[in-house]
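Colleague: Just passing along the structure, written as structure tokens.
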Amino acid sequence: MPTTVPAYGKEAAERLASMADVTASDGALRRFLHGLPGVDAVGLQARAATLGTRSIKTTAKAYAIDLAISMIDLTTLEGADTPGKVRALCAKGIHPDPTDRTTPKVAAICVYGDMVATAKEALTGSGIHVAAVATAFPSGRASLPVKLADTRDAVAAGADEIDMVIDRGAFLSGRYLEVFEEIRQVKEACVREDGSGTAAHLKVIFETGELQTYDNVRRASWLAMLAGADFIKTSTGKVAVNATPPVTLVLLEAVRDFRATTGVQVGVKPAGGIRTSKDAIKYLVMVNETLGDEWLSPEWFRFGASSLLNDLLMQRQKLSTGRYSGPDYVTVD
Amino acid sequence: MPVFEYAPAPESRAVVDIAPSYGMFIDGEFAEAGDGKVFKTLSPSSEEVLSEVAQAGVEDVDRAVKAARKAFETWSALPGSERAKYLFRIARIIQERSRELAVLESLDNGKPIRESRDADLPLVAAHFFYYAGWADKLAYAGYGPDPKPLGVAGQIIPWNFPLLMLAWKIAPALACGNTVVLKPAETTPLSALFFADICRQAGLPKGVVNIVTGDGSTGAELVAHPGIDKVAFTGSTEVGKAIARTVAGTKKKVTLELGGKAANIVFDDAPIDQAVEGIVGGIFFNQGHVCCAGSRLLVQESVQDELLDALKRRMSTLRVGDPLDKNTGIGAINSAEQLARIRALADAGEAEGAERWAPQCELPSSGYWFAPTLFTGVTQAHRIAREEIFGPVLSVLTFRTPEEAVAKANNTPYGLSAGIWTEKGSRILWMANKLRAGVVWSNTFNKFDPASPFGGYKESGYGREGGRHGLEAYLDV
């Protein structure tokens, strides 16, 4: 097995290594995760709601809209996906608004593993990343060798980022070390086998709608970060409850605390159900007031979304022209 | 890398029409003071003069009390369901005019529009709705089958929540069949006068609600007036004691809601992020102008560093400035006098050896401002741990065991409120029983609901407002 090259500094790597004892056994890991401060649901929801009432106008709004566009993982995860559909999405990612070339490009195009090569080719030279969902997405119900093969396949096809799902069944039945091991091995499978010594970025999806409690979400966040996640992500977008502001706030607080403890900075990606500019801006306010400038870039914060982009574009057109246009003034793909 | 700066988002002042001068409200009419005296009311965020208001003298108070006495005959004789109709009507008008009233309150008081809009006004309406519901059910409140009103209530309210304190006083009084003469605070009289207009809009019979404006001398006249049957006061302990002395030996009933120095107790197993929010909300809500503010943070030594780091980080994101900006979290100090008092006590904290910390924040050049401030290394012997500051100043003390936390929390002349932060339910119940405080919040702070009684122990006063218990203060029981 090739070992991963840490993307962070030597000191951070040492601090992270010094935490190795918490993952030494299932019992140690459980004690650590359950020893994290609890989350008071009422207080958390109240805080998220308060942040949602910030009034973002004029220049701040224009800034937020452009920032949000640049943070989008433009996604198509349908059984009916075709190369044509993926190429159209890639074209849109490069020039989201054909009428206004000052519009920023999106951060990544997110597809199933078999579409990676198509997307990679369509995005050549654009600087936009290709993200692939792997590890038996969205259910995560496959054996570990299959999940690893799924990952290696996507990496070999050129994926820059891997979005993996955790085994929620193992997590909910308290087999934390098993989940930890799985993430660690997928992380190793993200290393490119072309001898470049580089690796795809690993985003770990919790499917928070299935984890149910905020305490679970917080524990899953720490578990994934200890195992080497580069990003932590709320959901697949394939279940009834996906990203919510309170759940995302728990993730934001977790990455903040994790960096304070280990020096390692991890990104956050809410996904599923974020459809309007208003919602996206609320998330940016949360990032701004919980983590600050350091996380306000596509490198550290992403939106997993497919329909959000068009609303952002319409709002952007409204700001530049003073008039509302309509759905026919933005592209359908 | 650019930062995400929020552009100003000011609420429009155009929704409120402030007249250049106001009379007081007696027997359903606005009237000037008998001797024509007036005083000015300022906007504390800009020192701009908002309006002139009548300074009520002895005869004015007397006229108001007589009007209330006359109205009491018919008002108390109405069936409860009839009185309820008026109260429901008032509640609905308050909801309809809530934006106007919120802007007015922020202008006159200096509190952020976020709070006047999202906390004050909804609670004001909720109190009228709640007590409207009691008006025809007094027989079931637990005070006998046919409880009687007391008569004329003389009510004096403070400047921190002008309209909310008015609601806490007037709603239960009217529901029980009393009539009232209310004196709003000298620095924040406007919303009470707007409320007078709402009473007229609701068709409330003349004389049931009377508003006399003025300073402490007007309040003293009202308390001493032989024509009132009940005194209800919210304000400083010092004035509360003077009122208690004045009414001693008379038949007047009294309820007092006075100062506080609440302990907000954080255990090492607390939900840290939410506790930090609770601490911030506990002391910086309404610029700390809250009698039940959590002004003493008692933190378990084992999490002191972690908690203080988180608290300072959070305090650095507080936005101080224009109260009418919808993104402002901390507004202006209500008056120059109050600002001087906060400064004096904060200086005393430093002089006595506590360590002072405040986030970098630019304060506006005009108006009365004080940055949110934290003192560490505070002991029970410090003045800032004992005296009510009534401003955005938090004193941090530590403890090691639950017993020590209880002992320190109770070691104060006050006893209005307390907060407990722990994930352990049994400890919450154990502590709540031991704390000598009228309200004990667990894993939250500064939550108000009309159905929940509020009031203090020791120098925090006596009597309860709110809930079924709040009816007792206005019934002959």
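Letters for chains follow the order of the structure tokens (A, B, ...), residue numbers begin at 1 for each chain, and ligand numbers begin at 1 in the order shown.
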Please provide the set of residues having any atom within 7 Å of stretch 222-230 of chain A, restricted to only C-alpha atoms, with same-chain residues fewer than 4 positions apart removed, written as a ChimeraX atom specification.

Modeller: /A:180,183-184,187,201-204,218,254,266-267

Colleague: Store the residues of this selection in a file with all heavy atoms, as a CSV table (one decimal), in the first residue's frame.

Modeller:
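out_30.csv, freshly written:
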chain,number,residue,atom,x,y,z
A,180,PHE,N,-13.7,4.3,10.7
A,180,PHE,CA,-12.4,4.9,10.7
A,180,PHE,C,-11.4,4.3,9.7
A,180,PHE,O,-10.8,4.9,8.8
A,180,PHE,CB,-11.8,4.9,12.1
A,180,PHE,CG,-10.4,5.5,12.2
A,180,PHE,CD1,-10.1,6.8,12.3
A,180,PHE,CD2,-9.3,4.6,12.1
A,180,PHE,CE1,-8.8,7.3,12.3
A,180,PHE,CE2,-8.0,5.1,12.1
A,180,PHE,CZ,-7.8,6.5,12.3
A,183,ILE,N,-12.4,4.8,6.0
A,183,ILE,CA,-12.1,6.1,5.5
A,183,ILE,C,-10.6,6.2,5.3
A,183,ILE,O,-10.1,6.7,4.2
A,183,ILE,CB,-12.5,7.2,6.5
A,183,ILE,CG1,-14.0,7.2,6.7
A,183,ILE,CG2,-12.0,8.6,6.0
A,183,ILE,CD1,-14.5,8.1,7.8
A,184,ARG,N,-9.8,5.6,6.2
A,184,ARG,CA,-8.3,5.6,6.1
A,184,ARG,C,-7.9,4.9,4.8
A,184,ARG,O,-7.0,5.4,4.1
A,184,ARG,CB,-7.7,5.0,7.3
A,184,ARG,CG,-6.3,5.5,7.6
A,184,ARG,CD,-5.7,4.7,8.8
A,184,ARG,NE,-5.7,3.3,8.6
A,184,ARG,CZ,-4.9,2.6,7.8
A,184,ARG,NH1,-3.9,3.2,7.1
A,184,ARG,NH2,-5.0,1.3,7.7
A,187,LYS,N,-8.8,6.8,1.7
A,187,LYS,CA,-7.8,7.9,1.6
A,187,LYS,C,-6.6,7.4,0.9
A,187,LYS,O,-6.0,8.1,0.0
A,187,LYS,CB,-7.5,8.5,3.0
A,187,LYS,CG,-6.3,9.4,3.1
A,187,LYS,CD,-6.8,10.8,3.1
A,187,LYS,CE,-5.5,11.8,3.2
A,187,LYS,NZ,-5.9,13.2,3.1
A,201,HIS,N,-8.3,14.7,-3.6
A,201,HIS,CA,-8.9,15.2,-2.3
A,201,HIS,C,-10.0,14.3,-1.9
A,201,HIS,O,-10.9,13.9,-2.7
A,201,HIS,CB,-9.4,16.6,-2.5
A,201,HIS,CG,-8.5,17.6,-1.9
A,201,HIS,ND1,-7.2,17.7,-2.2
A,201,HIS,CD2,-8.7,18.6,-1.0
A,201,HIS,CE1,-6.6,18.7,-1.5
A,201,HIS,NE2,-7.6,19.2,-0.8
A,202,LEU,N,-10.0,14.0,-0.6
A,202,LEU,CA,-11.1,13.1,-0.1
A,202,LEU,C,-12.2,13.9,0.7
A,202,LEU,O,-11.9,14.5,1.7
A,202,LEU,CB,-10.5,12.0,0.8
A,202,LEU,CG,-11.6,11.0,1.4
A,202,LEU,CD1,-12.2,10.2,0.3
A,202,LEU,CD2,-10.9,10.1,2.4
A,203,LYS,N,-13.4,13.8,0.1
A,203,LYS,CA,-14.5,14.3,0.8
A,203,LYS,C,-15.3,13.2,1.4
A,203,LYS,O,-15.7,12.2,0.7
A,203,LYS,CB,-15.5,15.1,-0.1
A,203,LYS,CG,-14.7,16.2,-1.0
A,203,LYS,CD,-15.8,17.2,-1.4
A,203,LYS,CE,-15.3,18.0,-2.6
A,203,LYS,NZ,-15.7,17.5,-3.9
A,204,VAL,N,-15.6,13.3,2.7
A,204,VAL,CA,-16.3,12.2,3.4
A,204,VAL,C,-17.8,12.6,3.7
A,204,VAL,O,-18.0,13.7,4.3
A,204,VAL,CB,-15.6,11.8,4.7
A,204,VAL,CG1,-16.4,10.7,5.4
A,204,VAL,CG2,-14.2,11.4,4.4
A,218,ARG,N,-21.5,15.4,15.1
A,218,ARG,CA,-20.3,15.9,15.6
A,218,ARG,C,-19.2,14.8,15.7
A,218,ARG,O,-18.1,15.0,15.4
A,218,ARG,CB,-20.5,16.6,17.0
A,218,ARG,CG,-19.3,17.3,17.5
A,218,ARG,CD,-19.7,17.9,18.9
A,218,ARG,NE,-18.5,18.4,19.6
A,218,ARG,CZ,-18.0,19.6,19.4
A,218,ARG,NH1,-18.6,20.5,18.7
A,218,ARG,NH2,-16.9,19.9,20.1
A,254,ALA,N,-16.9,21.8,14.1
A,254,ALA,CA,-16.0,20.7,14.3
A,254,ALA,C,-14.7,21.0,13.5
A,254,ALA,O,-13.6,20.7,14.1
A,254,ALA,CB,-16.6,19.4,13.7
A,266,VAL,N,-9.6,21.5,7.6
A,266,VAL,CA,-10.4,20.6,6.8
A,266,VAL,C,-11.6,21.5,6.2
A,266,VAL,O,-12.0,22.4,6.8
A,266,VAL,CB,-11.0,19.5,7.7
A,266,VAL,CG1,-12.0,18.7,6.9
A,266,VAL,CG2,-9.8,18.6,8.2
A,267,GLY,N,-12.0,21.1,5.0
A,267,GLY,CA,-13.1,21.9,4.3
A,267,GLY,C,-14.4,21.3,4.7
A,267,GLY,O,-14.6,20.2,5.2

Colleague: Compile a residue-level contact table for chain B against chain A at a cut-off of 12 Å, reporting for every qualifying residue the shortest atom pair and its distance in Å to one decimal, with only C-alpha atoms counted, rows ordered by chain and ascending number, as JSON lines.

Modeller:
{"residue": "B:Met1", "atom": "CA", "partner": "A:Asp293", "partner_atom": "CA", "distance": 7.9}
{"residue": "B:Pro2", "atom": "CA", "partner": "A:Asp293", "partner_atom": "CA", "distance": 8.0}
{"residue": "B:Val3", "atom": "CA", "partner": "A:Asp293", "partner_atom": "CA", "distance": 6.0}
{"residue": "B:Phe4", "atom": "CA", "partner": "A:Ala60", "partner_atom": "CA", "distance": 6.8}
{"residue": "B:Glu5", "atom": "CA", "partner": "A:Ala60", "partner_atom": "CA", "distance": 6.1}
{"residue": "B:Tyr6", "atom": "CA", "partner": "A:Ala60", "partner_atom": "CA", "distance": 5.3}
{"residue": "B:Ala7", "atom": "CA", "partner": "A:Ala60", "partner_atom": "CA", "distance": 5.4}
{"residue": "B:Pro8", "atom": "CA", "partner": "A:Lys57", "partner_atom": "CA", "distance": 7.4}
{"residue": "B:Ala9", "atom": "CA", "partner": "A:Ser55", "partner_atom": "CA", "distance": 6.2}
{"residue": "B:Pro10", "atom": "CA", "partner": "A:Ser55", "partner_atom": "CA", "distance": 9.1}
{"residue": "B:Glu11", "atom": "CA", "partner": "A:Ser55", "partner_atom": "CA", "distance": 10.2}
{"residue": "B:Ile113", "atom": "CA", "partner": "A:Ser55", "partner_atom": "CA", "distance": 11.9}
{"residue": "B:Arg114", "atom": "CA", "partner": "A:Thr53", "partner_atom": "CA", "distance": 8.9}
{"residue": "B:Glu115", "atom": "CA", "partner": "A:Thr50", "partner_atom": "CA", "distance": 11.0}
{"residue": "B:Arg117", "atom": "CA", "partner": "A:Thr53", "partner_atom": "CA", "distance": 11.7}
{"residue": "B:Asp118", "atom": "CA", "partner": "A:Thr50", "partner_atom": "CA", "distance": 10.0}
{"residue": "B:Ala119", "atom": "CA", "partner": "A:Thr50", "partner_atom": "CA", "distance": 11.8}
{"residue": "B:Phe267", "atom": "CA", "partner": "A:Pro37", "partner_atom": "CA", "distance": 10.8}
{"residue": "B:Asp268", "atom": "CA", "partner": "A:Pro37", "partner_atom": "CA", "distance": 8.5}
{"residue": "B:Asp269", "atom": "CA", "partner": "A:Pro37", "partner_atom": "CA", "distance": 6.2}
{"residue": "B:Ala270", "atom": "CA", "partner": "A:Pro37", "partner_atom": "CA", "distance": 6.4}
{"residue": "B:Pro271", "atom": "CA", "partner": "A:Gly38", "partner_atom": "CA", "distance": 4.6}
{"residue": "B:Ile272", "atom": "CA", "partner": "A:Pro37", "partner_atom": "CA", "distance": 6.2}
{"residue": "B:Asp273", "atom": "CA", "partner": "A:Val39", "partner_atom": "CA", "distance": 7.6}
{"residue": "B:Gln274", "atom": "CA", "partner": "A:Gly43", "partner_atom": "CA", "distance": 5.4}
{"residue": "B:Ala275", "atom": "CA", "partner": "A:Gly43", "partner_atom": "CA", "distance": 8.3}
{"residue": "B:Val276", "atom": "CA", "partner": "A:Gly43", "partner_atom": "CA", "distance": 10.0}
{"residue": "B:Glu277", "atom": "CA", "partner": "A:Arg47", "partner_atom": "CA", "distance": 7.5}
{"residue": "B:Gly278", "atom": "CA", "partner": "A:Gly43", "partner_atom": "CA", "distance": 8.0}
{"residue": "B:Ile279", "atom": "CA", "partner": "A:Gly43", "partner_atom": "CA", "distance": 11.6}
{"residue": "B:Val280", "atom": "CA", "partner": "A:Arg47", "partner_atom": "CA", "distance": 11.5}
{"residue": "B:Gly281", "atom": "CA", "partner": "A:Arg47", "partner_atom": "CA", "distance": 10.5}
{"residue": "B:Val303", "atom": "CA", "partner": "A:Pro37", "partner_atom": "CA", "distance": 10.7}
{"residue": "B:Glu306", "atom": "CA", "partner": "A:Asp257", "partner_atom": "CA", "distance": 10.3}
{"residue": "B:Leu307", "atom": "CA", "partner": "A:Pro37", "partner_atom": "CA", "distance": 11.3}
{"residue": "B:Asp309", "atom": "CA", "partner": "A:Ala260", "partner_atom": "CA", "distance": 10.6}
{"residue": "B:Ala310", "atom": "CA", "partner": "A:Asp257", "partner_atom": "CA", "distance": 9.7}
{"residue": "B:Arg313", "atom": "CA", "partner": "A:Thr290", "partner_atom": "CA", "distance": 9.1}
{"residue": "B:Arg314", "atom": "CA", "partner": "A:Thr290", "partner_atom": "CA", "distance": 8.2}
{"residue": "B:Met315", "atom": "CA", "partner": "A:Glu289", "partner_atom": "CA", "distance": 10.7}
{"residue": "B:Ser316", "atom": "CA", "partner": "A:Glu289", "partner_atom": "CA", "distance": 9.6}
{"residue": "B:Thr317", "atom": "CA", "partner": "A:Glu289", "partner_atom": "CA", "distance": 6.6}
{"residue": "B:Leu318", "atom": "CA", "partner": "A:Glu289", "partner_atom": "CA", "distance": 9.4}
{"residue": "B:Arg319", "atom": "CA", "partner": "A:Glu289", "partner_atom": "CA", "distance": 11.0}
{"residue": "B:Leu324", "atom": "CA", "partner": "A:Ser55", "partner_atom": "CA", "distance": 11.9}
{"residue": "B:Asp325", "atom": "CA", "partner": "A:Ser55", "partner_atom": "CA", "distance": 8.8}
{"residue": "B:Lys326", "atom": "CA", "partner": "A:Ser55", "partner_atom": "CA", "distance": 6.2}
{"residue": "B:Asn327", "atom": "CA", "partner": "A:Arg54", "partner_atom": "CA", "distance": 5.7}
{"residue": "B:Thr328", "atom": "CA", "partner": "A:Arg54", "partner_atom": "CA", "distance": 9.2}
{"residue": "B:Gly329", "atom": "CA", "partner": "A:Arg54", "partner_atom": "CA", "distance": 10.3}
{"residue": "B:Trp421", "atom": "CA", "partner": "A:Asp40", "partner_atom": "CA", "distance": 9.9}
{"residue": "B:Thr422", "atom": "CA", "partner": "A:Gly38", "partner_atom": "CA", "distance": 9.1}
{"residue": "B:Glu423", "atom": "CA", "partner": "A:Gly38", "partner_atom": "CA", "distance": 7.0}
{"residue": "B:Lys424", "atom": "CA", "partner": "A:Gly38", "partner_atom": "CA", "distance": 10.5}
{"residue": "B:Ser442", "atom": "CA", "partner": "A:Asp40", "partner_atom": "CA", "distance": 10.8}
{"residue": "B:Asn443", "atom": "CA", "partner": "A:Asp40", "partner_atom": "CA", "distance": 7.5}
{"residue": "B:Thr444", "atom": "CA", "partner": "A:Gly43", "partner_atom": "CA", "distance": 7.0}
{"residue": "B:Phe445", "atom": "CA", "partner": "A:Gly43", "partner_atom": "CA", "distance": 9.9}
{"residue": "B:Lys447", "atom": "CA", "partner": "A:Gly43", "partner_atom": "CA", "distance": 11.6}

Colleague: Stretch 211-253 of chain B near stretch 145-157 of chain B within 6 Å: what's each residue's closest atom pair and its distance in Å to one decimal, counting only C-alpha atoms, ordered by chain then ascending residue number, as CSV?

Modeller:
residue,atom,partner,partner_atom,distance
B:Ile228,CA,B:Val152,CA,5.0
B:Asp229,CA,B:Val152,CA,5.4
B:Lys230,CA,B:Ala153,CA,4.7
B:Val231,CA,B:Gly154,CA,4.9
B:Ala232,CA,B:Gln155,CA,4.8
B:Phe233,CA,B:Ile156,CA,4.9
B:Thr234,CA,B:Ile157,CA,5.2

Colleague: Skipping near chain neighbours, those fewer than 3 positions away, what residues fall within 8 Å of stretch 162-177 of chain A using only C-alpha atoms, listed as a ChimeraX atom specification?

Modeller: /A:23,25-26,29-30,131-141,151,154-155,159,180-183,190,200-207,210-211,220,223,236

Colleague: Taking 3 positions as the minimum chain separation for residues in the same chain, which residues sit within 12 Å of B:Gly455 when counting only C-alpha atoms? Answer as an MDAnalysis selection string.

Modeller: chainID B and resid 168 233:234 255:260 291:292 414:418 436:440 448 452 458:467 469:470 473

Colleague: May I ask which of the residues A:Ala305, A:Met286, A:Leu249, A:Cys110 is the closest one to A:Gly52, counting only C-alpha atoms?

Modeller: A:Met286

Colleague: So which residues touch stretch 206-221 of chain B within 6 Å, counting only C-alpha atoms, skipping near sequence neighbours fewer than 3 positions away, as a PyMOL selection string?

Modeller: chain B and resi 24-28+55-56+67-68+71+179-183+186+224-225

Colleague: Selection from above, C-alpha atoms, as an mmCIF file, in the first residue's frame, can you write it?

Modeller:
data_model
loop_
_atom_site.group_PDB
_atom_site.id
_atom_site.type_symbol
_atom_site.label_atom_id
_atom_site.label_comp_id
_atom_site.auth_asym_id
_atom_site.auth_seq_id
_atom_site.Cartn_x
_atom_site.Cartn_y
_atom_site.Cartn_z
ATOM 1 C CA MET B 24 -49.291 62.953 28.904
ATOM 2 C CA PHE B 25 -52.332 60.726 28.571
ATOM 3 C CA ILE B 26 -55.048 61.324 31.152
ATOM 4 C CA ASP B 27 -58.681 60.225 30.957
ATOM 5 C CA GLY B 28 -58.385 59.329 27.306
ATOM 6 C CA GLN B 55 -43.067 66.734 32.950
ATOM 7 C CA ALA B 56 -45.972 65.732 35.169
ATOM 8 C CA ALA B 67 -59.429 59.576 36.278
ATOM 9 C CA ALA B 68 -58.313 56.019 36.953
ATOM 10 C CA ALA B 71 -62.905 54.553 35.396
ATOM 11 C CA THR B 179 -57.204 50.634 36.176
ATOM 12 C CA VAL B 180 -53.710 52.043 35.918
ATOM 13 C CA VAL B 181 -51.567 55.134 36.066
ATOM 14 C CA LEU B 182 -48.243 54.262 34.488
ATOM 15 C CA LYS B 183 -45.057 56.287 34.526
ATOM 16 C CA GLU B 186 -37.616 59.569 31.822
ATOM 17 C CA ALA B 224 -47.166 58.521 47.647
ATOM 18 C CA HIS B 225 -50.587 59.380 46.236
#

Colleague: Residues of stretch 115-297 of chain A in strand (DSSP E or B) according to DSSP, as a ChimeraX atom specification?

Modeller: /A:129-134,161-165,191,199,201-205,231-233,267-269,271

Colleague: Determine the nearest neighbour of B:Phe194 from the options B:Val16, B:Ala385, B:Val58, B:Ile243, counting only C-alpha atoms.

Modeller: B:Val16

Colleague: Using only C-alpha atoms, which residues sit within 8 Å of B:Leu298 once same-chain residues fewer than 4 positions away are excluded, as a list in words?

Modeller: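 Non-adjacent residues within range: Ala263, Asn264, Ile265, Val266, Val396, Leu397, Thr398, Phe399, Ala405 and Ala409 of chain B.
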
Colleague: List the neighbours of B:Gly133 out to 10 Å using only C-alpha atoms; skip same-chain residues closer than 6 positions along the sequence, and give me the result as a ChimeraX atom specification.

Modeller: /B:80-81,83-85,87-88,127,175
